[in-house]
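Colleague: This is the structure I have questions about; it appears just below.
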Amino acid sequence: MFRKITPKRDSKLEPIADPGEVTGFSSPAQDYSEDRLHIVQKLVKDPTNTYYFEMENNDMAFFGITKGALLIVDKSVKPKHGAIVIANVEGEWITRKLFAGDNMRFLTCGIESQNIPITDEGIVIFGAVTWSCNPMGNGSMIKHLMV
């Protein structure tokens with residue numbers, strides 16, 4: 001299911017309702033005009049199964065996901081090896097990378113001593129992260145890495 005969202009025209013940003021019809025003749029460039037980009041159309045494939053989370057910590061900084069990042073999670077995407085997932089581990093919601101090898105499956109944040117083995121009990125994978133949008137902020141992460 002894909003719905004097209006047409007945002008309202010902002011008269012300050014677009015003072016002319018139809019710039020191709022200003023002179024009474026349509027512009028030849030009008031053949032190549034496109035609708036305005038709406039971020040939801042780009043980031044969300046299945047609106048009924050899409051959820052949004054915000055990272056509360058830097059647990060996934062090793063994988064480029066920092067505190068305050070907006071995570072877009074799709075429950076309809078089947079998590080596979082290498083996917084970033086949202087999981088409930090014994091009542092706590094966490095974000096981790098899924099490792100699914102031949103003999104073992106675990107969730108990792110990039111630090112081997114903190115790997116969480118996946119067993120049948122106590123761990124529920126909620127969905128796969130399809131997009132991560134990190135805030136640019138004031139460069140505090142770069143300062144932290146340079147110290």
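Each chain in the structure tokens gets a letter, A, B and so on, in the order shown; residues start at 1 in every chain, and ligands are counted from 1 in the order they appear.
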Hey, could you make a per-residue contact list for range 81-104 of chain A against range 112-133 of chain A with 6 Å as the cut-off, showing the nearest pair of atoms and its distance in Å to one decimal, counting only C-alpha atoms, sorted by chain and number, as a tab-separated table?

Modeller:
residue	atom	partner	partner_atom	distance
A:Ile84	CA	A:Val129	CA	5.4
A:Val85	CA	A:Ala128	CA	4.4
A:Ile86	CA	A:Phe126	CA	5.5
A:Ala87	CA	A:Ile125	CA	4.2
A:Asn88	CA	A:Val124	CA	5.1
A:Val89	CA	A:Ile123	CA	4.6
A:Glu90	CA	A:Gly122	CA	5.0

Colleague: Selected residues, all heavy atoms, written as a JSON list (two decimals), in the first residue's frame, please.

Modeller:
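Result saved to out-v5.json:
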[["chain", "number", "residue", "atom", "x", "y", "z"],
["A", 84, "ILE", "N", 19.73, -4.18, 11.34],
["A", 84, "ILE", "CA", 19.58, -3.52, 12.62],
["A", 84, "ILE", "C", 18.12, -3.74, 13.03],
["A", 84, "ILE", "O", 17.21, -3.55, 12.22],
["A", 84, "ILE", "CB", 19.87, -2.00, 12.52],
["A", 84, "ILE", "CG1", 21.27, -1.75, 11.96],
["A", 84, "ILE", "CG2", 19.68, -1.33, 13.87],
["A", 84, "ILE", "CD1", 22.40, -2.17, 12.84],
["A", 85, "VAL", "N", 17.91, -4.20, 14.26],
["A", 85, "VAL", "CA", 16.57, -4.56, 14.72],
["A", 85, "VAL", "C", 16.25, -3.88, 16.04],
["A", 85, "VAL", "O", 17.14, -3.49, 16.79],
["A", 85, "VAL", "CB", 16.40, -6.09, 14.86],
["A", 85, "VAL", "CG1", 16.57, -6.79, 13.53],
["A", 85, "VAL", "CG2", 17.34, -6.65, 15.90],
["A", 86, "ILE", "N", 14.96, -3.76, 16.30],
["A", 86, "ILE", "CA", 14.45, -3.37, 17.61],
["A", 86, "ILE", "C", 13.98, -4.67, 18.26],
["A", 86, "ILE", "O", 13.23, -5.42, 17.66],
["A", 86, "ILE", "CB", 13.25, -2.39, 17.50],
["A", 86, "ILE", "CG1", 13.65, -1.13, 16.74],
["A", 86, "ILE", "CG2", 12.70, -2.06, 18.88],
["A", 86, "ILE", "CD1", 14.63, -0.24, 17.43],
["A", 87, "ALA", "N", 14.48, -4.92, 19.47],
["A", 87, "ALA", "CA", 14.12, -6.16, 20.16],
["A", 87, "ALA", "C", 13.72, -5.86, 21.60],
["A", 87, "ALA", "O", 14.16, -4.88, 22.19],
["A", 87, "ALA", "CB", 15.30, -7.13, 20.14],
["A", 88, "ASN", "N", 12.88, -6.74, 22.12],
["A", 88, "ASN", "CA", 12.53, -6.67, 23.52],
["A", 88, "ASN", "C", 13.24, -7.82, 24.22],
["A", 88, "ASN", "O", 12.97, -8.99, 23.92],
["A", 88, "ASN", "CB", 11.01, -6.78, 23.70],
["A", 88, "ASN", "CG", 10.59, -6.51, 25.12],
["A", 88, "ASN", "OD1", 11.01, -7.18, 26.05],
["A", 88, "ASN", "ND2", 9.76, -5.50, 25.28],
["A", 89, "VAL", "N", 14.17, -7.47, 25.08],
["A", 89, "VAL", "CA", 14.95, -8.47, 25.80],
["A", 89, "VAL", "C", 14.56, -8.39, 27.27],
["A", 89, "VAL", "O", 14.91, -7.42, 27.96],
["A", 89, "VAL", "CB", 16.47, -8.24, 25.63],
["A", 89, "VAL", "CG1", 17.26, -9.27, 26.40],
["A", 89, "VAL", "CG2", 16.84, -8.25, 24.16],
["A", 90, "GLU", "N", 13.80, -9.38, 27.72],
["A", 90, "GLU", "CA", 13.35, -9.47, 29.10],
["A", 90, "GLU", "C", 12.71, -8.17, 29.58],
["A", 90, "GLU", "O", 13.02, -7.66, 30.65],
["A", 90, "GLU", "CB", 14.50, -9.90, 30.01],
["A", 90, "GLU", "CG", 15.02, -11.28, 29.65],
["A", 90, "GLU", "CD", 16.23, -11.69, 30.47],
["A", 90, "GLU", "OE1", 16.69, -10.90, 31.32],
["A", 90, "GLU", "OE2", 16.72, -12.79, 30.24]]

Colleague: Pick out each residue of range 33-102 of chain A that DSSP on the backbone tags as strand (DSSP E); I need them as a ChimeraX atom specification.

Modeller: /A:50-54,70-74,84-89,92-100

Colleague: Residues of range 29-145 of chain A in helix (DSSP H, G or I) according to DSSP, as a list in words?

Modeller: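 Everything in range 29-145 of chain A that counts as helix (DSSP H, G or I) is Ala29, Gln30, Asp31, Tyr32, Ile39, Val40, Gln41, Lys42, Leu43, Pro47, Thr48, Asn49, Ala61, Phe62, Phe63, Glu112, Ser113, Gln114, Ser140, Met141, Ile142, Lys143, His144 and Leu145 of chain A.
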
Colleague: May I have the selected residues written with N, CA and C atoms, as a PDB file, in the first residue's frame?

Modeller:
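Wrote it out as again-v5.pdb, contents follow:
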ATOM      1  N   ALA A  29       9.232  23.541 -20.174  1.00  0.00           N
ATOM      2  CA  ALA A  29       9.833  22.809 -19.054  1.00  0.00           C
ATOM      3  C   ALA A  29       8.785  22.115 -18.199  1.00  0.00           C
ATOM      4  N   GLN A  30       7.519  22.499 -18.364  1.00  0.00           N
ATOM      5  CA  GLN A  30       6.453  21.909 -17.564  1.00  0.00           C
ATOM      6  C   GLN A  30       6.311  20.404 -17.827  1.00  0.00           C
ATOM      7  N   ASP A  31       6.746  19.949 -19.000  1.00  0.00           N
ATOM      8  CA  ASP A  31       6.717  18.518 -19.308  1.00  0.00           C
ATOM      9  C   ASP A  31       7.620  17.721 -18.371  1.00  0.00           C
ATOM     10  N   TYR A  32       8.601  18.396 -17.780  1.00  0.00           N
ATOM     11  CA  TYR A  32       9.574  17.717 -16.926  1.00  0.00           C
ATOM     12  C   TYR A  32       9.391  18.028 -15.450  1.00  0.00           C
ATOM     13  N   ILE A  39       8.929  13.632   2.493  1.00  0.00           N
ATOM     14  CA  ILE A  39       9.874  12.713   3.124  1.00  0.00           C
ATOM     15  C   ILE A  39       9.238  11.350   3.439  1.00  0.00           C
ATOM     16  N   VAL A  40       7.977  11.325   3.797  1.00  0.00           N
ATOM     17  CA  VAL A  40       7.307  10.061   4.116  1.00  0.00           C
ATOM     18  C   VAL A  40       7.258   9.150   2.895  1.00  0.00           C
ATOM     19  N   GLN A  41       7.079   9.730   1.703  1.00  0.00           N
ATOM     20  CA  GLN A  41       7.036   8.911   0.495  1.00  0.00           C
ATOM     21  C   GLN A  41       8.364   8.212   0.259  1.00  0.00           C
ATOM     22  N   LYS A  42       9.453   8.806   0.679  1.00  0.00           N
ATOM     23  CA  LYS A  42      10.777   8.225   0.485  1.00  0.00           C
ATOM     24  C   LYS A  42      11.114   7.197   1.559  1.00  0.00           C
ATOM     25  N   LEU A  43      10.740   7.468   2.808  1.00  0.00           N
ATOM     26  CA  LEU A  43      11.187   6.643   3.930  1.00  0.00           C
ATOM     27  C   LEU A  43      10.248   5.509   4.319  1.00  0.00           C
ATOM     28  N   PRO A  47       2.988   1.953   5.412  1.00  0.00           N
ATOM     29  CA  PRO A  47       2.568   2.820   6.521  1.00  0.00           C
ATOM     30  C   PRO A  47       1.893   2.096   7.682  1.00  0.00           C
ATOM     31  N   THR A  48       1.168   1.021   7.411  1.00  0.00           N
ATOM     32  CA  THR A  48       0.461   0.339   8.495  1.00  0.00           C
ATOM     33  C   THR A  48       1.399  -0.466   9.390  1.00  0.00           C
ATOM     34  N   ASN A  49       2.586  -0.796   8.911  1.00  0.00           N
ATOM     35  CA  ASN A  49       3.547  -1.568   9.702  1.00  0.00           C
ATOM     36  C   ASN A  49       4.789  -0.768  10.065  1.00  0.00           C
ATOM     37  N   ALA A  61      26.523   3.452  18.380  1.00  0.00           N
ATOM     38  CA  ALA A  61      27.431   4.406  17.737  1.00  0.00           C
ATOM     39  C   ALA A  61      28.449   3.697  16.852  1.00  0.00           C
ATOM     40  N   PHE A  62      28.832   2.480  17.201  1.00  0.00           N
ATOM     41  CA  PHE A  62      29.768   1.689  16.394  1.00  0.00           C
ATOM     42  C   PHE A  62      29.222   1.479  14.976  1.00  0.00           C
ATOM     43  N   PHE A  63      27.903   1.440  14.854  1.00  0.00           N
ATOM     44  CA  PHE A  63      27.252   1.238  13.556  1.00  0.00           C
ATOM     45  C   PHE A  63      26.704   2.549  12.976  1.00  0.00           C
ATOM     46  N   GLU A 112      32.000  -7.275  21.605  1.00  0.00           N
ATOM     47  CA  GLU A 112      31.792  -8.726  21.724  1.00  0.00           C
ATOM     48  C   GLU A 112      31.335  -9.157  23.111  1.00  0.00           C
ATOM     49  N   SER A 113      31.848  -8.511  24.147  1.00  0.00           N
ATOM     50  CA  SER A 113      31.483  -8.919  25.510  1.00  0.00           C
ATOM     51  C   SER A 113      30.021  -8.595  25.840  1.00  0.00           C
ATOM     52  N   GLN A 114      29.363  -7.766  25.016  1.00  0.00           N
ATOM     53  CA  GLN A 114      27.968  -7.403  25.263  1.00  0.00           C
ATOM     54  C   GLN A 114      26.995  -8.101  24.317  1.00  0.00           C
ATOM     55  N   SER A 140      29.383  17.199  18.580  1.00  0.00           N
ATOM     56  CA  SER A 140      29.852  16.644  19.847  1.00  0.00           C
ATOM     57  C   SER A 140      30.401  15.234  19.673  1.00  0.00           C
ATOM     58  N   MET A 141      29.856  14.455  18.733  1.00  0.00           N
ATOM     59  CA  MET A 141      30.361  13.100  18.512  1.00  0.00           C
ATOM     60  C   MET A 141      31.773  13.156  17.946  1.00  0.00           C
ATOM     61  N   ILE A 142      32.042  14.114  17.066  1.00  0.00           N
ATOM     62  CA  ILE A 142      33.377  14.237  16.496  1.00  0.00           C
ATOM     63  C   ILE A 142      34.354  14.646  17.580  1.00  0.00           C
ATOM     64  N   LYS A 143      33.957  15.579  18.456  1.00  0.00           N
ATOM     65  CA  LYS A 143      34.830  15.987  19.548  1.00  0.00           C
ATOM     66  C   LYS A 143      35.142  14.788  20.439  1.00  0.00           C
ATOM     67  N   HIS A 144      34.113  13.973  20.714  1.00  0.00           N
ATOM     68  CA  HIS A 144      34.287  12.810  21.564  1.00  0.00           C
ATOM     69  C   HIS A 144      35.284  11.819  20.949  1.00  0.00           C
ATOM     70  N   LEU A 145      35.195  11.606  19.655  1.00  0.00           N
ATOM     71  CA  LEU A 145      36.088  10.662  19.001  1.00  0.00           C
ATOM     72  C   LEU A 145      37.520  11.189  18.893  1.00  0.00           C
TER      73      LEU A 145
END

Colleague: Do a neighbour search on Asn57 in chain A at 8 Å with only C-alpha atoms, toss out local chain neighbours closer than 6 positions, and write the hits as a list in words.

Modeller: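 So, after excluding close chain neighbours, the residues are Thr66, Lys67 and Gly68 of chain A.
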
Colleague: May I have the selected residues written with N, CA, C and O atoms, as a PDB file, in the first residue's frame?

Modeller:
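Everything below was put into again.pdb:
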ATOM      1  N   THR A  66      23.492   7.246  16.520  1.00  0.00           N
ATOM      2  CA  THR A  66      23.832   7.948  17.756  1.00  0.00           C
ATOM      3  C   THR A  66      22.592   8.355  18.542  1.00  0.00           C
ATOM      4  O   THR A  66      21.465   8.269  18.046  1.00  0.00           O
ATOM      5  N   LYS A  67      22.833   8.824  19.756  1.00  0.00           N
ATOM      6  CA  LYS A  67      21.744   9.273  20.630  1.00  0.00           C
ATOM      7  C   LYS A  67      20.937  10.349  19.914  1.00  0.00           C
ATOM      8  O   LYS A  67      21.486  11.259  19.297  1.00  0.00           O
ATOM      9  N   GLY A  68      19.607  10.237  19.996  1.00  0.00           N
ATOM     10  CA  GLY A  68      18.716  11.199  19.356  1.00  0.00           C
ATOM     11  C   GLY A  68      18.336  10.832  17.929  1.00  0.00           C
ATOM     12  O   GLY A  68      17.496  11.499  17.331  1.00  0.00           O
TER      13      GLY A  68
END
